[in-house]
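Source file: work-v7.cif. Holds: mmCIF, C-alpha atoms; chains and numbers go by the auth columns.
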```cif
data_protein
#
loop_
_atom_site.group_PDB
_atom_site.id
_atom_site.type_symbol
_atom_site.label_atom_id
_atom_site.label_comp_id
_atom_site.label_asym_id
_atom_site.label_seq_id
_atom_site.Cartn_x
_atom_site.Cartn_y
_atom_site.Cartn_z
_atom_site.B_iso_or_equiv
_atom_site.auth_seq_id
_atom_site.auth_asym_id
ATOM 1 C CA MET A 1 -40.974 -69.604 -6.324 0.00 1 A
ATOM 2 C CA GLU A 2 -37.726 -70.527 -8.099 0.00 2 A
ATOM 3 C CA CYS A 3 -36.465 -66.951 -7.668 0.00 3 A
ATOM 4 C CA ASN A 4 -37.418 -67.031 -3.963 0.00 4 A
ATOM 5 C CA ALA A 5 -35.450 -70.230 -3.449 0.00 5 A
ATOM 6 C CA LEU A 6 -32.398 -68.764 -5.173 0.00 6 A
ATOM 7 C CA ILE A 7 -32.571 -65.582 -3.122 0.00 7 A
ATOM 8 C CA LEU A 8 -33.055 -67.535 0.068 0.00 8 A
ATOM 9 C CA LEU A 9 -30.160 -69.904 -0.511 0.00 9 A
ATOM 10 C CA LEU A 10 -27.824 -67.092 -1.444 0.00 10 A
ATOM 11 C CA ALA A 11 -28.934 -65.060 1.545 0.00 11 A
ATOM 12 C CA PHE A 12 -28.375 -67.878 4.018 0.00 12 A
ATOM 13 C CA GLY A 13 -25.113 -68.788 2.328 0.00 13 A
ATOM 14 C CA LEU A 14 -23.879 -65.253 2.711 0.00 14 A
ATOM 15 C CA ALA A 15 -25.194 -64.975 6.251 0.00 15 A
ATOM 16 C CA SER A 16 -21.889 -66.254 7.580 0.00 16 A
ATOM 17 C CA CYS A 17 -20.186 -63.223 6.007 0.00 17 A
ATOM 18 C CA ALA A 18 -22.678 -60.566 7.092 0.00 18 A
ATOM 19 C CA SER A 19 -24.096 -59.213 10.305 0.00 19 A
ATOM 20 C CA THR A 20 -27.314 -61.086 11.063 0.00 20 A
ATOM 21 C CA PRO A 21 -29.262 -61.640 14.266 0.00 21 A
ATOM 22 C CA GLU A 22 -27.980 -64.260 16.655 0.00 22 A
ATOM 23 C CA ASN A 23 -29.837 -67.556 16.892 0.00 23 A
ATOM 24 C CA LEU A 24 -31.210 -67.177 13.376 0.00 24 A
ATOM 25 C CA PHE A 25 -31.866 -70.912 13.174 0.00 25 A
ATOM 26 C CA VAL A 26 -34.117 -71.160 16.234 0.00 26 A
ATOM 27 C CA PRO A 27 -37.388 -72.414 14.712 0.00 27 A
ATOM 28 C CA VAL A 28 -40.518 -70.270 14.845 0.00 28 A
ATOM 29 C CA SER A 29 -43.678 -72.338 15.214 0.00 29 A
ATOM 30 C CA ASP A 30 -46.135 -69.706 13.988 0.00 30 A
ATOM 31 C CA THR A 31 -47.154 -69.301 10.382 0.00 31 A
ATOM 32 C CA VAL A 32 -49.184 -66.684 8.550 0.00 32 A
ATOM 33 C CA SER A 33 -51.543 -66.760 5.621 0.00 33 A
ATOM 34 C CA GLY A 34 -49.796 -65.996 2.333 0.00 34 A
ATOM 35 C CA ALA A 35 -46.332 -67.018 3.507 0.00 35 A
ATOM 36 C CA SER A 36 -44.428 -69.561 1.433 0.00 36 A
ATOM 37 C CA THR A 37 -41.771 -72.029 2.507 0.00 37 A
ATOM 38 C CA VAL A 38 -38.545 -73.394 1.104 0.00 38 A
ATOM 39 C CA ASP A 39 -37.436 -76.839 2.280 0.00 39 A
ATOM 40 C CA MET A 40 -33.646 -77.136 1.972 0.00 40 A
ATOM 41 C CA LEU A 41 -31.119 -79.889 2.341 0.00 41 A
ATOM 42 C CA VAL A 42 -27.800 -78.501 3.569 0.00 42 A
ATOM 43 C CA ALA A 43 -24.471 -80.294 3.212 0.00 43 A
ATOM 44 C CA THR A 44 -21.356 -78.746 4.704 0.00 44 A
ATOM 45 C CA THR A 45 -17.884 -79.446 5.984 0.00 45 A
ATOM 46 C CA ARG A 46 -18.301 -76.804 8.702 0.00 46 A
ATOM 47 C CA ARG A 47 -18.174 -77.935 12.300 0.00 47 A
ATOM 48 C CA SER A 48 -21.570 -78.145 13.975 0.00 48 A
ATOM 49 C CA ALA A 49 -22.163 -75.440 16.554 0.00 49 A
ATOM 50 C CA GLU A 50 -23.226 -76.499 20.013 0.00 50 A
ATOM 51 C CA ASN A 51 -26.042 -73.962 19.895 0.00 51 A
ATOM 52 C CA LEU A 52 -28.702 -75.145 17.427 0.00 52 A
ATOM 53 C CA GLY A 53 -29.610 -71.479 16.862 0.00 53 A
ATOM 54 C CA GLU A 54 -26.234 -71.034 15.164 0.00 54 A
ATOM 55 C CA LEU A 55 -26.240 -74.487 13.533 0.00 55 A
ATOM 56 C CA TYR A 56 -22.632 -74.326 12.239 0.00 56 A
ATOM 57 C CA SER A 57 -19.453 -72.654 13.402 0.00 57 A
ATOM 58 C CA GLY A 58 -16.921 -70.974 11.175 0.00 58 A
ATOM 59 C CA GLU A 59 -14.460 -73.821 11.762 0.00 59 A
ATOM 60 C CA ARG A 60 -13.883 -76.758 9.451 0.00 60 A
ATOM 61 C CA GLY A 61 -15.304 -80.052 10.634 0.00 61 A
ATOM 62 C CA ASN A 62 -13.888 -83.545 10.217 0.00 62 A
ATOM 63 C CA ALA A 63 -16.569 -84.802 7.834 0.00 63 A
ATOM 64 C CA LEU A 64 -19.481 -83.842 5.649 0.00 64 A
ATOM 65 C CA THR A 65 -22.604 -83.200 7.737 0.00 65 A
ATOM 66 C CA PHE A 66 -26.208 -82.628 6.738 0.00 66 A
ATOM 67 C CA ALA A 67 -29.227 -80.675 7.941 0.00 67 A
ATOM 68 C CA ASN A 68 -32.769 -79.984 6.830 0.00 68 A
ATOM 69 C CA ILE A 69 -33.842 -76.353 7.120 0.00 69 A
ATOM 70 C CA VAL A 70 -37.305 -75.047 6.281 0.00 70 A
ATOM 71 C CA VAL A 71 -37.622 -71.283 5.914 0.00 71 A
ATOM 72 C CA SER A 72 -40.818 -69.265 5.825 0.00 72 A
ATOM 73 C CA ILE A 73 -40.886 -66.339 3.394 0.00 73 A
ATOM 74 C CA PRO A 74 -43.269 -63.488 4.261 0.00 74 A
ATOM 75 C CA PRO A 75 -46.232 -62.837 1.976 0.00 75 A
ATOM 76 C CA ASP A 76 -45.461 -61.036 -1.290 0.00 76 A
ATOM 77 C CA SER A 77 -47.641 -58.102 -0.206 0.00 77 A
ATOM 78 C CA VAL A 78 -45.270 -57.117 2.627 0.00 78 A
ATOM 79 C CA ARG A 79 -41.877 -57.558 1.012 0.00 79 A
ATOM 80 C CA THR A 80 -39.851 -56.487 -1.975 0.00 80 A
ATOM 81 C CA ALA A 81 -38.836 -59.312 -4.304 0.00 81 A
ATOM 82 C CA GLY A 82 -35.075 -59.728 -4.198 0.00 82 A
ATOM 83 C CA ASP A 83 -34.708 -58.406 -0.636 0.00 83 A
ATOM 84 C CA VAL A 84 -34.387 -60.596 2.432 0.00 84 A
ATOM 85 C CA GLN A 85 -36.252 -59.234 5.419 0.00 85 A
ATOM 86 C CA TRP A 86 -33.975 -60.337 8.253 0.00 86 A
ATOM 87 C CA PRO A 87 -35.532 -60.323 11.709 0.00 87 A
ATOM 88 C CA THR A 88 -34.183 -57.476 13.822 0.00 88 A
ATOM 89 C CA THR A 89 -34.423 -59.763 16.853 0.00 89 A
ATOM 90 C CA THR A 90 -35.081 -63.460 17.181 0.00 90 A
ATOM 91 C CA PRO A 91 -37.434 -65.079 16.953 0.00 91 A
ATOM 92 C CA GLY A 92 -38.571 -63.219 13.896 0.00 92 A
ATOM 93 C CA ASN A 93 -42.116 -62.503 12.814 0.00 93 A
ATOM 94 C CA PRO A 94 -43.246 -64.733 9.912 0.00 94 A
ATOM 95 C CA ALA A 95 -45.661 -61.987 8.796 0.00 95 A
ATOM 96 C CA THR A 96 -42.751 -59.651 8.022 0.00 96 A
ATOM 97 C CA ASP A 97 -39.463 -61.598 8.219 0.00 97 A
ATOM 98 C CA PHE A 98 -37.747 -64.598 6.696 0.00 98 A
ATOM 99 C CA VAL A 99 -37.788 -67.081 9.592 0.00 99 A
ATOM 100 C CA THR A 100 -36.698 -70.651 10.157 0.00 100 A
ATOM 101 C CA THR A 101 -39.605 -72.985 10.871 0.00 101 A
ATOM 102 C CA LYS A 102 -37.690 -76.264 11.063 0.00 102 A
ATOM 103 C CA VAL A 103 -34.093 -77.292 11.667 0.00 103 A
ATOM 104 C CA SER A 104 -32.864 -80.829 12.048 0.00 104 A
ATOM 105 C CA ARG A 105 -29.491 -82.433 11.681 0.00 105 A
ATOM 106 C CA LEU A 106 -29.603 -85.473 9.411 0.00 106 A
ATOM 107 C CA ASP A 107 -27.639 -88.680 9.207 0.00 107 A
ATOM 108 C CA LEU A 108 -27.056 -90.324 5.827 0.00 108 A
ATOM 109 C CA LYS A 109 -30.189 -92.484 6.110 0.00 109 A
ATOM 110 C CA ALA A 110 -32.325 -89.382 6.781 0.00 110 A
ATOM 111 C CA VAL A 111 -30.692 -87.591 3.820 0.00 111 A
ATOM 112 C CA ARG A 112 -31.717 -90.465 1.549 0.00 112 A
ATOM 113 C CA THR A 113 -35.250 -90.334 2.940 0.00 113 A
ATOM 114 C CA TRP A 114 -35.401 -86.552 2.363 0.00 114 A
ATOM 115 C CA LEU A 115 -34.148 -86.951 -1.213 0.00 115 A
ATOM 116 C CA ASP A 116 -36.602 -89.787 -1.894 0.00 116 A
ATOM 117 C CA SER A 117 -39.498 -87.682 -0.591 0.00 117 A
ATOM 118 C CA LYS A 118 -38.592 -84.802 -2.910 0.00 118 A
ATOM 119 C CA GLY A 119 -37.841 -86.798 -6.046 0.00 119 A
ATOM 120 C CA THR A 120 -40.712 -88.526 -7.763 0.00 120 A
ATOM 121 C CA ALA A 121 -40.946 -89.226 -11.468 0.00 121 A
ATOM 122 C CA THR A 122 -44.313 -87.465 -11.699 0.00 122 A
ATOM 123 C CA ARG A 123 -43.206 -84.076 -10.354 0.00 123 A
ATOM 124 C CA ARG A 124 -40.986 -81.491 -11.963 0.00 124 A
ATOM 125 C CA HIS A 125 -38.097 -80.493 -9.724 0.00 125 A
ATOM 126 C CA ARG A 126 -35.512 -77.777 -9.646 0.00 126 A
ATOM 127 C CA VAL A 127 -32.290 -77.969 -7.717 0.00 127 A
ATOM 128 C CA LEU A 128 -29.897 -75.201 -6.846 0.00 128 A
ATOM 129 C CA ILE A 129 -26.432 -76.090 -5.611 0.00 129 A
ATOM 130 C CA PHE A 130 -24.683 -73.183 -3.956 0.00 130 A
ATOM 131 C CA VAL A 131 -21.009 -73.561 -3.101 0.00 131 A
ATOM 132 C CA HIS A 132 -19.762 -70.916 -0.682 0.00 132 A
ATOM 133 C CA GLY A 133 -16.037 -70.271 -0.464 0.00 133 A
#
```

Write out the structure in this file as structure tokens.
Amino acid sequence: MECNALILLLAFGLASCASTPENLFVPVSDTVSGASTVDMLVATTRRSAENLGELYSGERGNALTFANIVVSIPPDSVRTAGDVQWPTTTPGNPATDFVTTKVSRLDLKAVRTWLDSKGTATRRHRVLIFVHG
């Protein structure tokens, strides 16, 4: 799971530099048996895109903004570890593709709530901070 999260974060971080399908961040409501999910908190100084499917533009924004993105990873049996199966068209198929299942922009209060929900003293946690550019 830790490796999946690292791969996923790097893949989405590099997505702005590579050719990926448009509207990659349009949530898919379906799920499949055997798929796993990664729940991410995103912080960026990029300007928010008007189209939620793009989420952020390539332009600098005026302030730090936050979002919560949940990504579904296809079952291990249909993918090669270390490879991201991008959808060829959106919405993708959660049985075969990495797809977004939730996207929401967060204000500071919601960020604190998200962090509180992920950080309890009884659970072991891992955090990856990826700085792009």

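For the choices A:Thr113, A:Thr80, A:Ser57, A:Thr65, the atom-to-atom distance to A:Val42 is smallest for A:Thr65 when using all atoms listed in the file.
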
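With all atoms listed in the file taken into account, the protein and nucleic acid residues at most 8 Å from A:Val38 (excluding it and anything under 4 positions from it in its own chain) are Ala5, Val70, Val71, Ser72 and Ile73 of chain A.
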
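Nearest to A:Phe66 of all the residues A:Thr100, A:Ser29, A:Asn51, A:Thr44 is A:Thr44, counting all atoms listed in the file.
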
Per residue of stretch 12-61 of chain A within 8 Å of stretch 82-91 of chain A, record the nearest atom pair and its distance in Å to one decimal, counting only C-alpha atoms, with rows in chain order and ascending residue number, as a tab-separated table.
```
residue	atom	partner	partner_atom	distance
A:Thr20	CA	A:Trp86	CA	7.3
A:Pro21	CA	A:Thr89	CA	6.1
A:Glu22	CA	A:Thr90	CA	7.2
A:Asn23	CA	A:Thr90	CA	6.7
A:Leu24	CA	A:Thr90	CA	6.6
A:Val26	CA	A:Pro91	CA	7.0
A:Pro27	CA	A:Pro91	CA	7.7
A:Val28	CA	A:Pro91	CA	6.4
```

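If you measure from each of A:Met40, A:Leu108, A:Ala35, A:Ala49 to A:Val127 using only C-alpha atoms, the closest one turns out to be A:Met40.
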